[in-house]
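Chemist: Handing you this structure, nothing more for now.
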Amino acid sequence: MLNRLLRPQASLRAVSSISQKPVSAALPRFQTRQLHKVPQLVNESRFREHGVSDFLSPEAYDFAWVQYQRFLVDKLNLLTQDTIDADLTPGDLLVKYSRRAEMASVFNYASMAHNNHFFFNCLSNAPTEMSPGFVKTIGDSCSSVESLKLDFLATANAMFGPGFVWLAKNLEHEGLLHIFCTYNAGSPYPAAHARRQAQDMATHTPETALGNQYAGSMGVNSSNHKMAPGALDIQPILCVNTWEHVWMMDYGIAGKAEFLERWWDRINWDVVQENYKSAAPRRGWAASGSAFQSHSQFPTQFPAQS
């Protein structure tokens, strides 16, 4: 039985190999300027050799950051080379194309590169402490740090499918913190709210959503929504990556809850607190190129505009 199943596949592979031209003959060679680059993390050398202590093995770190981020960057360079977008940061690109259905590929790779870097940029190789002031800030919004942890991890564990869970600072009501999800490569930024992808579309019914706020956010109807109802002026300060390729290698199919618990103990609260302090209300989104950056190609947040 096994031989009968395998034989047709082998035949197809043989035919395919005969019909294909050599790669060098079939495809012209292009040189790219590689304007988008993989940023260096603070603990890059240690992570490469040892992984993230008590969280990610060297193999899982290499797969989820080194290889995957390189893949995203290579795709972004391929999509933008020799265009007016070649010099734009991923942050610029995800805002520019959040409402352009025909440019979904550029948005997806730009947003995913940004989100993945945001996640890894907030990791520490050892536990870090929150300042007393930040503990109070959390308490004002979430009653306690432990309550924030329980809500955050429960939200992430309940997600069915890949995405990110974010902690964000409310810039309209100073000090308030929000927890929310984005699915796939959805963006947390208000200017890209049309592609926030904040719902599991397998269970979400747009007609019953409050104000039908997600209907017509792309395509021909997108011009009717400058900002979707309920899109608060918020600034993300922390996220966890729930894509399966990040955690399944180390934790197995049923290991998501353990992955999240260990991640919480490896959050770099110094970076999170700096993100919180740096977040400021903005008066426009037209020119985000001078964004606050932890790396020139991957801003972790957008700037206050003058």
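Residues are named by chain letter and number: chains run A, B, ... in the order of the structure tokens, numbers start at 1 in each chain, and ligands are numbered from 1 in the order shown.
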Quick one: everything within 10 Å of stretch 151-159 of chain A, counting only C-alpha atoms, minus sequence neighbours fewer than 4 positions away in the same chain. Send it as a compact mmCIF listing (two decimals) with all heavy atoms, in the first residue's frame.

Modeler:
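Ended up saving to out_21.txt:
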# COMPACT_ATOMS: atom_id res chain seq x y z
N CYS A 142 -4.89 48.28 36.27
CA CYS A 142 -5.17 46.83 36.31
C CYS A 142 -5.29 46.28 37.73
O CYS A 142 -5.32 45.07 37.89
CB CYS A 142 -4.05 46.08 35.58
SG CYS A 142 -3.67 46.72 33.95
N VAL A 145 0.04 44.17 39.48
CA VAL A 145 0.87 43.53 38.47
C VAL A 145 0.41 42.10 38.23
O VAL A 145 0.36 41.62 37.09
CB VAL A 145 2.36 43.56 38.89
CG1 VAL A 145 3.20 42.74 37.92
CG2 VAL A 145 2.87 44.99 38.97
N GLU A 146 0.05 41.41 39.30
CA GLU A 146 -0.41 40.03 39.16
C GLU A 146 -1.70 39.96 38.36
O GLU A 146 -1.89 39.05 37.54
CB GLU A 146 -0.63 39.41 40.54
CG GLU A 146 -1.00 37.94 40.52
CD GLU A 146 0.07 37.05 39.90
OE1 GLU A 146 1.25 37.45 39.89
OE2 GLU A 146 -0.29 35.95 39.42
N SER A 147 -2.60 40.93 38.55
CA SER A 147 -3.83 40.97 37.78
C SER A 147 -3.54 41.21 36.30
O SER A 147 -4.16 40.59 35.43
CB SER A 147 -4.75 42.06 38.32
OG SER A 147 -5.94 42.13 37.56
N GLY A 163 -0.75 35.41 16.00
CA GLY A 163 -0.92 36.85 16.14
C GLY A 163 -0.05 37.39 17.25
O GLY A 163 0.98 36.80 17.61
N PHE A 164 -0.47 38.52 17.81
CA PHE A 164 0.27 39.18 18.89
C PHE A 164 -0.73 39.69 19.92
O PHE A 164 -1.86 40.06 19.58
CB PHE A 164 1.09 40.35 18.36
CG PHE A 164 2.19 39.95 17.42
CD1 PHE A 164 1.92 39.69 16.08
CD2 PHE A 164 3.50 39.83 17.87
CE1 PHE A 164 2.92 39.31 15.21
CE2 PHE A 164 4.50 39.45 17.00
CZ PHE A 164 4.22 39.19 15.68
N VAL A 165 -0.31 39.72 21.18
CA VAL A 165 -1.09 40.38 22.22
C VAL A 165 -0.27 41.56 22.71
O VAL A 165 0.94 41.42 22.99
CB VAL A 165 -1.42 39.43 23.38
CG1 VAL A 165 -2.24 40.17 24.45
CG2 VAL A 165 -2.20 38.23 22.87
N TRP A 166 -0.91 42.72 22.84
CA TRP A 166 -0.22 43.97 23.11
C TRP A 166 -0.66 44.58 24.43
O TRP A 166 -1.82 44.46 24.83
CB TRP A 166 -0.52 44.99 22.00
CG TRP A 166 -0.14 44.53 20.64
CD1 TRP A 166 -0.90 43.76 19.79
CD2 TRP A 166 1.09 44.78 19.94
NE1 TRP A 166 -0.22 43.54 18.61
CE2 TRP A 166 1.00 44.15 18.68
CE3 TRP A 166 2.24 45.50 20.27
CZ2 TRP A 166 2.03 44.20 17.74
CZ3 TRP A 166 3.26 45.56 19.34
CH2 TRP A 166 3.15 44.91 18.09
N LEU A 167 0.28 45.24 25.06
CA LEU A 167 -0.02 46.16 26.16
C LEU A 167 0.29 47.55 25.64
O LEU A 167 1.37 47.80 25.11
CB LEU A 167 0.86 45.86 27.39
CG LEU A 167 0.61 46.74 28.62
CD1 LEU A 167 -0.78 46.50 29.19
CD2 LEU A 167 1.68 46.49 29.68
N HIS A 178 -3.98 49.31 28.14
CA HIS A 178 -4.96 48.47 27.44
C HIS A 178 -4.28 47.18 26.99
O HIS A 178 -3.12 47.19 26.57
CB HIS A 178 -5.51 49.18 26.21
CG HIS A 178 -6.29 50.41 26.51
ND1 HIS A 178 -7.65 50.39 26.74
CD2 HIS A 178 -5.92 51.70 26.64
CE1 HIS A 178 -8.08 51.62 26.99
NE2 HIS A 178 -7.03 52.43 26.93
N ILE A 179 -5.02 46.07 27.06
CA ILE A 179 -4.59 44.79 26.51
C ILE A 179 -5.48 44.49 25.30
O ILE A 179 -6.71 44.60 25.39
CB ILE A 179 -4.74 43.65 27.53
CG1 ILE A 179 -3.85 43.90 28.76
CG2 ILE A 179 -4.38 42.31 26.89
CD1 ILE A 179 -4.12 42.93 29.90
N PHE A 180 -4.88 44.15 24.17
CA PHE A 180 -5.68 43.79 23.00
C PHE A 180 -4.88 42.89 22.08
O PHE A 180 -3.65 42.77 22.19
CB PHE A 180 -6.15 45.03 22.25
CG PHE A 180 -5.05 45.90 21.71
CD1 PHE A 180 -4.56 45.73 20.43
CD2 PHE A 180 -4.49 46.90 22.50
CE1 PHE A 180 -3.55 46.53 19.93
CE2 PHE A 180 -3.48 47.71 22.01
CZ PHE A 180 -3.00 47.53 20.73
N CYS A 181 -5.59 42.23 21.17
CA CYS A 181 -4.98 41.27 20.24
C CYS A 181 -4.91 41.84 18.83
O CYS A 181 -5.75 42.65 18.44
CB CYS A 181 -5.80 39.98 20.18
SG CYS A 181 -6.08 39.17 21.74
N THR A 182 -3.93 41.40 18.08
CA THR A 182 -3.94 41.53 16.62
C THR A 182 -3.65 40.16 16.06
O THR A 182 -2.75 39.46 16.54
CB THR A 182 -2.90 42.55 16.11
OG1 THR A 182 -1.59 42.15 16.52
CG2 THR A 182 -3.21 43.94 16.62
N TYR A 183 -4.42 39.75 15.06
CA TYR A 183 -4.22 38.45 14.44
C TYR A 183 -3.33 38.57 13.20
O TYR A 183 -3.28 39.61 12.55
CB TYR A 183 -5.57 37.83 14.07
CG TYR A 183 -6.27 37.19 15.24
CD1 TYR A 183 -7.00 37.97 16.14
CD2 TYR A 183 -6.17 35.82 15.48
CE1 TYR A 183 -7.64 37.39 17.23
CE2 TYR A 183 -6.80 35.23 16.56
CZ TYR A 183 -7.53 36.02 17.44
OH TYR A 183 -8.16 35.45 18.52
N GLN A 199 -9.79 40.61 15.44
CA GLN A 199 -10.76 39.55 15.68
C GLN A 199 -10.30 38.26 15.05
O GLN A 199 -9.62 38.25 14.03
CB GLN A 199 -12.13 39.95 15.10
CG GLN A 199 -12.70 41.26 15.60
CD GLN A 199 -13.13 41.17 17.05
OE1 GLN A 199 -13.40 40.08 17.57
NE2 GLN A 199 -13.19 42.31 17.72
N ASP A 200 -10.68 37.14 15.69
CA ASP A 200 -10.54 35.84 15.06
C ASP A 200 -11.67 35.71 14.06
O ASP A 200 -12.83 35.56 14.44
CB ASP A 200 -10.63 34.74 16.12
CG ASP A 200 -10.55 33.34 15.52
OD1 ASP A 200 -10.40 33.24 14.29
OD2 ASP A 200 -10.66 32.37 16.28
N CYS A 239 4.65 43.44 23.71
CA CYS A 239 3.83 42.44 23.02
C CYS A 239 4.42 41.06 23.20
O CYS A 239 5.62 40.90 23.48
CB CYS A 239 3.67 42.76 21.53
SG CYS A 239 5.12 42.40 20.52
N VAL A 240 3.58 40.05 23.03
CA VAL A 240 4.03 38.66 22.97
C VAL A 240 3.59 38.09 21.63
O VAL A 240 2.48 38.36 21.15
CB VAL A 240 3.48 37.83 24.14
CG1 VAL A 240 1.96 37.72 24.10
CG2 VAL A 240 4.11 36.44 24.15
N ASN A 241 4.47 37.33 21.03
CA ASN A 241 4.24 36.70 19.73
C ASN A 241 3.61 35.33 19.95
O ASN A 241 4.21 34.47 20.60
CB ASN A 241 5.58 36.57 18.99
CG ASN A 241 5.42 36.15 17.54
OD1 ASN A 241 4.44 35.51 17.18
ND2 ASN A 241 6.39 36.49 16.71
N THR A 242 2.40 35.11 19.43
CA THR A 242 1.73 33.82 19.61
C THR A 242 1.75 32.96 18.35
O THR A 242 1.02 31.97 18.26
CB THR A 242 0.27 34.01 20.07
OG1 THR A 242 -0.48 34.65 19.04
CG2 THR A 242 0.21 34.83 21.35
N LYS A 256 1.69 25.96 24.79
CA LYS A 256 1.55 27.41 24.68
C LYS A 256 1.48 28.08 26.04
O LYS A 256 2.11 29.14 26.25
CB LYS A 256 0.31 27.76 23.86
CG LYS A 256 0.15 29.24 23.57
CD LYS A 256 -1.10 29.48 22.73
CE LYS A 256 -1.31 30.94 22.41
NZ LYS A 256 -2.55 31.16 21.63
N ALA A 257 0.74 27.51 26.99
CA ALA A 257 0.60 28.13 28.31
C ALA A 257 1.95 28.22 29.02
O ALA A 257 2.27 29.23 29.66
CB ALA A 257 -0.40 27.34 29.16
N GLU A 258 2.76 27.16 28.92
CA GLU A 258 4.09 27.19 29.55
C GLU A 258 4.98 28.22 28.87
O GLU A 258 5.74 28.94 29.54
CB GLU A 258 4.74 25.82 29.48
CG GLU A 258 6.10 25.78 30.18
CD GLU A 258 6.79 24.44 30.07
OE1 GLU A 258 6.20 23.50 29.49
OE2 GLU A 258 7.95 24.32 30.54
N PHE A 259 4.91 28.31 27.55
CA PHE A 259 5.66 29.33 26.81
C PHE A 259 5.33 30.72 27.33
O PHE A 259 6.21 31.54 27.58
CB PHE A 259 5.33 29.21 25.33
CG PHE A 259 5.66 30.42 24.49
CD1 PHE A 259 6.96 30.66 24.06
CD2 PHE A 259 4.66 31.33 24.13
CE1 PHE A 259 7.26 31.78 23.28
CE2 PHE A 259 4.96 32.45 23.36
CZ PHE A 259 6.26 32.67 22.94
N LEU A 260 4.05 31.02 27.50
CA LEU A 260 3.63 32.34 27.95
C LEU A 260 4.10 32.62 29.38
O LEU A 260 4.56 33.74 29.69
CB LEU A 260 2.11 32.46 27.86
CG LEU A 260 1.52 32.44 26.45
CD1 LEU A 260 0.00 32.30 26.50
CD2 LEU A 260 1.92 33.69 25.67
N GLU A 261 4.00 31.64 30.24
CA GLU A 261 4.43 31.81 31.62
C GLU A 261 5.93 32.11 31.69
O GLU A 261 6.37 33.00 32.43
CB GLU A 261 4.11 30.55 32.42
CG GLU A 261 4.32 30.69 33.92
CD GLU A 261 3.28 31.55 34.60
OE1 GLU A 261 2.13 31.59 34.12
OE2 GLU A 261 3.64 32.21 35.62
N TRP A 263 7.73 33.33 29.23
CA TRP A 263 7.97 34.63 28.59
C TRP A 263 7.82 35.76 29.59
O TRP A 263 8.63 36.70 29.59
CB TRP A 263 6.98 34.82 27.43
CG TRP A 263 6.90 36.25 26.97
CD1 TRP A 263 7.82 36.92 26.22
CD2 TRP A 263 5.85 37.19 27.27
NE1 TRP A 263 7.41 38.22 26.02
CE2 TRP A 263 6.22 38.42 26.66
CE3 TRP A 263 4.67 37.11 27.98
CZ2 TRP A 263 5.42 39.56 26.75
CZ3 TRP A 263 3.87 38.24 28.08
CH2 TRP A 263 4.24 39.45 27.47
N TRP A 264 6.80 35.71 30.42
CA TRP A 264 6.57 36.79 31.38
C TRP A 264 7.79 37.00 32.26
O TRP A 264 8.11 38.14 32.63
CB TRP A 264 5.34 36.48 32.24
CG TRP A 264 4.95 37.61 33.14
CD1 TRP A 264 5.34 37.81 34.43
CD2 TRP A 264 4.11 38.73 32.80
NE1 TRP A 264 4.80 38.97 34.93
CE2 TRP A 264 4.03 39.55 33.95
CE3 TRP A 264 3.41 39.10 31.66
CZ2 TRP A 264 3.29 40.73 33.97
CZ3 TRP A 264 2.68 40.27 31.69
CH2 TRP A 264 2.62 41.07 32.83

Chemist: So that I can see what lies close to A:Leu76, please list as JSON, numbers by chain the residues with an atom at most 8 Å from it, counting only C-alpha atoms and leaving out residues fewer than 5 positions away in the same chain.

Modeler: {"A": [36, 106, 109, 110]}

Chemist: Using only N, CA and C atoms, please write the residues we just selected to a file, as a short mmCIF file (atom, residue, chain, number, x, y, z; two decimals), in the first residue's frame.

Modeler:
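Final file, result.cif:
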data_model
loop_
_atom_site.label_atom_id
_atom_site.label_comp_id
_atom_site.auth_asym_id
_atom_site.auth_seq_id
_atom_site.Cartn_x
_atom_site.Cartn_y
_atom_site.Cartn_z
N HIS A 36 16.54 47.40 3.69
CA HIS A 36 15.97 46.88 4.94
C HIS A 36 16.91 45.81 5.49
N VAL A 106 3.01 43.93 0.82
CA VAL A 106 3.95 44.87 1.43
C VAL A 106 3.54 45.14 2.87
N TYR A 109 4.38 41.94 5.20
CA TYR A 109 5.79 41.72 5.52
C TYR A 109 6.34 42.87 6.37
N ALA A 110 5.93 44.10 6.08
CA ALA A 110 6.39 45.23 6.87
C ALA A 110 5.87 45.16 8.30
#

Chemist: Pick out the closest residue to A:His193 from this set: A:Ile253, A:Ile234, A:Val52, A:Glu274. Count only C-alpha atoms.

Modeler: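 Among the listed residues, the smallest separation from A:His193 belongs to A:Ile234.
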
Chemist: For stretch 127-136 of chain A, please output as a PyMOL selection string all residues within 8 Å (counting only C-alpha atoms; exclusion window: fewer than 5 positions along the same chain).

Modeler: chain A and resi 144-145+265-270+273

Chemist: Calculated over only C-alpha atoms, which of the candidates A:Asp82, A:Phe47, A:Glu244, A:Tyr68 has the smallest distance to A:Leu35?

Modeler: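 Among the listed residues, the smallest separation from A:Leu35 belongs to A:Asp82.
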
Chemist: Would you please work out which residue, of A:Leu93, A:Ala192, A:Val271, A:Met249, is nearest to A:Asp62 when using only C-alpha atoms?

Modeler: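 For A:Asp62, the nearest of the given residues is A:Met249.
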
Chemist: Between atom CA of A:Lys149 and atom CA of A:Leu41, measure the distance and give it in Å to one decimal.

Modeler: 24.7 Å

Chemist: Which residues come within 7 Å of A:His114, counting only C-alpha atoms, excluding same-chain residues fewer than 4 positions away, as a ChimeraX atom specification?

Modeler: /A:90-91,110,118,298

Chemist: Pull all heavy atoms from the residues just selected and write them as a PDB file, in the first residue's frame.

Modeler:
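Generated file (result.pdb):
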ATOM      1  N   PRO A  90       9.726  49.906   7.849  1.00  0.00           N
ATOM      2  CA  PRO A  90       8.532  49.070   7.974  1.00  0.00           C
ATOM      3  C   PRO A  90       7.375  49.806   8.632  1.00  0.00           C
ATOM      4  O   PRO A  90       6.215  49.630   8.250  1.00  0.00           O
ATOM      5  CB  PRO A  90       9.018  47.899   8.828  1.00  0.00           C
ATOM      6  CG  PRO A  90      10.462  47.777   8.475  1.00  0.00           C
ATOM      7  CD  PRO A  90      10.934  49.201   8.319  1.00  0.00           C
ATOM      8  N   GLY A  91       7.678  50.655   9.621  1.00  0.00           N
ATOM      9  CA  GLY A  91       6.620  51.436  10.263  1.00  0.00           C
ATOM     10  C   GLY A  91       5.914  52.359   9.297  1.00  0.00           C
ATOM     11  O   GLY A  91       4.689  52.505   9.335  1.00  0.00           O
ATOM     12  N   ALA A 110       5.930  44.096   6.077  1.00  0.00           N
ATOM     13  CA  ALA A 110       6.394  45.233   6.869  1.00  0.00           C
ATOM     14  C   ALA A 110       5.871  45.156   8.297  1.00  0.00           C
ATOM     15  O   ALA A 110       6.619  45.337   9.266  1.00  0.00           O
ATOM     16  CB  ALA A 110       5.960  46.544   6.221  1.00  0.00           C
ATOM     17  N   PHE A 118       9.514  43.997  17.678  1.00  0.00           N
ATOM     18  CA  PHE A 118       8.986  44.545  18.925  1.00  0.00           C
ATOM     19  C   PHE A 118       9.001  43.468  20.009  1.00  0.00           C
ATOM     20  O   PHE A 118       9.398  43.711  21.159  1.00  0.00           O
ATOM     21  CB  PHE A 118       7.554  45.048  18.699  1.00  0.00           C
ATOM     22  CG  PHE A 118       7.125  46.137  19.649  1.00  0.00           C
ATOM     23  CD1 PHE A 118       6.738  47.380  19.175  1.00  0.00           C
ATOM     24  CD2 PHE A 118       7.110  45.927  21.015  1.00  0.00           C
ATOM     25  CE1 PHE A 118       6.337  48.393  20.045  1.00  0.00           C
ATOM     26  CE2 PHE A 118       6.719  46.919  21.898  1.00  0.00           C
ATOM     27  CZ  PHE A 118       6.332  48.162  21.414  1.00  0.00           C
ATOM     28  N   PHE A 298      13.603  49.510  12.030  1.00  0.00           N
ATOM     29  CA  PHE A 298      12.465  48.922  12.714  1.00  0.00           C
ATOM     30  C   PHE A 298      12.096  49.756  13.926  1.00  0.00           C
ATOM     31  O   PHE A 298      12.430  49.429  15.047  1.00  0.00           O
ATOM     32  CB  PHE A 298      12.780  47.479  13.148  1.00  0.00           C
ATOM     33  CG  PHE A 298      13.009  46.575  11.982  1.00  0.00           C
ATOM     34  CD1 PHE A 298      14.273  46.453  11.424  1.00  0.00           C
ATOM     35  CD2 PHE A 298      11.964  45.876  11.423  1.00  0.00           C
ATOM     36  CE1 PHE A 298      14.483  45.630  10.345  1.00  0.00           C
ATOM     37  CE2 PHE A 298      12.178  45.048  10.345  1.00  0.00           C
ATOM     38  CZ  PHE A 298      13.434  44.924   9.797  1.00  0.00           C
TER      39      PHE A 298
END

Chemist: Do you have the atom CA of A:Leu148-atom CA of A:Phe119 distance handy?

Modeler: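 Rounded to one decimal, the two atoms are 17.7 Å apart.
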
Chemist: Quick check, in Å to one decimal: how far apart do atom CA of A:Asn170 and atom CA of A:Asp233 lie?

Modeler: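 About the pair atom CA of A:Asn170 and atom CA of A:Asp233: they are 6.3 Å apart.
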
Chemist: Pull the helix (DSSP H, G or I) assignments for stretch 153-201 of chain A out of DSSP run on the backbone, and list those residues as a list in words.

Modeler: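 Taking stretch 153-201 of chain A and keeping helix (DSSP H, G or I) gives Leu153, Ala154, Thr155, Ala156, Asn157, Ala158, Pro190, Ala191, Ala192, His193, Ala194 and Arg195 of chain A.
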
Chemist: Go ahead and save the picked residues with N, CA, C and O atoms, as a PDB file, in the first residue's frame.

Modeler:
ATOM      1  N   LEU A 153      -1.874  36.950  30.031  1.00  0.00           N
ATOM      2  CA  LEU A 153      -1.577  35.579  29.623  1.00  0.00           C
ATOM      3  C   LEU A 153      -2.849  34.817  29.260  1.00  0.00           C
ATOM      4  O   LEU A 153      -2.837  33.988  28.345  1.00  0.00           O
ATOM      5  N   ALA A 154      -3.947  35.092  29.959  1.00  0.00           N
ATOM      6  CA  ALA A 154      -5.216  34.443  29.606  1.00  0.00           C
ATOM      7  C   ALA A 154      -5.667  34.867  28.216  1.00  0.00           C
ATOM      8  O   ALA A 154      -6.169  34.041  27.428  1.00  0.00           O
ATOM      9  N   THR A 155      -5.494  36.145  27.891  1.00  0.00           N
ATOM     10  CA  THR A 155      -5.859  36.640  26.560  1.00  0.00           C
ATOM     11  C   THR A 155      -5.017  35.962  25.485  1.00  0.00           C
ATOM     12  O   THR A 155      -5.539  35.523  24.451  1.00  0.00           O
ATOM     13  N   ALA A 156      -3.715  35.864  25.732  1.00  0.00           N
ATOM     14  CA  ALA A 156      -2.822  35.251  24.750  1.00  0.00           C
ATOM     15  C   ALA A 156      -3.096  33.759  24.603  1.00  0.00           C
ATOM     16  O   ALA A 156      -3.087  33.218  23.490  1.00  0.00           O
ATOM     17  N   ASN A 157      -3.349  33.087  25.713  1.00  0.00           N
ATOM     18  CA  ASN A 157      -3.577  31.645  25.661  1.00  0.00           C
ATOM     19  C   ASN A 157      -4.889  31.311  24.969  1.00  0.00           C
ATOM     20  O   ASN A 157      -5.040  30.250  24.366  1.00  0.00           O
ATOM     21  N   ALA A 158      -5.853  32.228  25.044  1.00  0.00           N
ATOM     22  CA  ALA A 158      -7.162  31.989  24.440  1.00  0.00           C
ATOM     23  C   ALA A 158      -7.179  32.247  22.944  1.00  0.00           C
ATOM     24  O   ALA A 158      -8.124  31.852  22.258  1.00  0.00           O
ATOM     25  N   PRO A 190      -3.041  53.139  15.645  1.00  0.00           N
ATOM     26  CA  PRO A 190      -4.301  53.748  15.204  1.00  0.00           C
ATOM     27  C   PRO A 190      -4.304  54.126  13.730  1.00  0.00           C
ATOM     28  O   PRO A 190      -5.321  53.990  13.056  1.00  0.00           O
ATOM     29  N   ALA A 191      -3.170  54.581  13.208  1.00  0.00           N
ATOM     30  CA  ALA A 191      -3.111  54.986  11.809  1.00  0.00           C
ATOM     31  C   ALA A 191      -3.258  53.804  10.858  1.00  0.00           C
ATOM     32  O   ALA A 191      -3.574  53.988   9.691  1.00  0.00           O
ATOM     33  N   ALA A 192      -3.035  52.600  11.376  1.00  0.00           N
ATOM     34  CA  ALA A 192      -3.198  51.390  10.566  1.00  0.00           C
ATOM     35  C   ALA A 192      -4.357  50.555  11.087  1.00  0.00           C
ATOM     36  O   ALA A 192      -4.396  49.340  10.905  1.00  0.00           O
ATOM     37  N   HIS A 193      -5.323  51.225  11.718  1.00  0.00           N
ATOM     38  CA  HIS A 193      -6.412  50.505  12.371  1.00  0.00           C
ATOM     39  C   HIS A 193      -7.215  49.671  11.388  1.00  0.00           C
ATOM     40  O   HIS A 193      -7.807  48.657  11.767  1.00  0.00           O
ATOM     41  N   ALA A 194      -7.240  50.076  10.121  1.00  0.00           N
ATOM     42  CA  ALA A 194      -7.968  49.301   9.120  1.00  0.00           C
ATOM     43  C   ALA A 194      -7.410  47.895   8.981  1.00  0.00           C
ATOM     44  O   ALA A 194      -8.095  46.989   8.534  1.00  0.00           O
ATOM     45  N   ARG A 195      -6.140  47.707   9.360  1.00  0.00           N
ATOM     46  CA  ARG A 195      -5.532  46.383   9.293  1.00  0.00           C
ATOM     47  C   ARG A 195      -5.103  45.894  10.671  1.00  0.00           C
ATOM     48  O   ARG A 195      -4.140  45.154  10.800  1.00  0.00           O
TER      49      ARG A 195
END
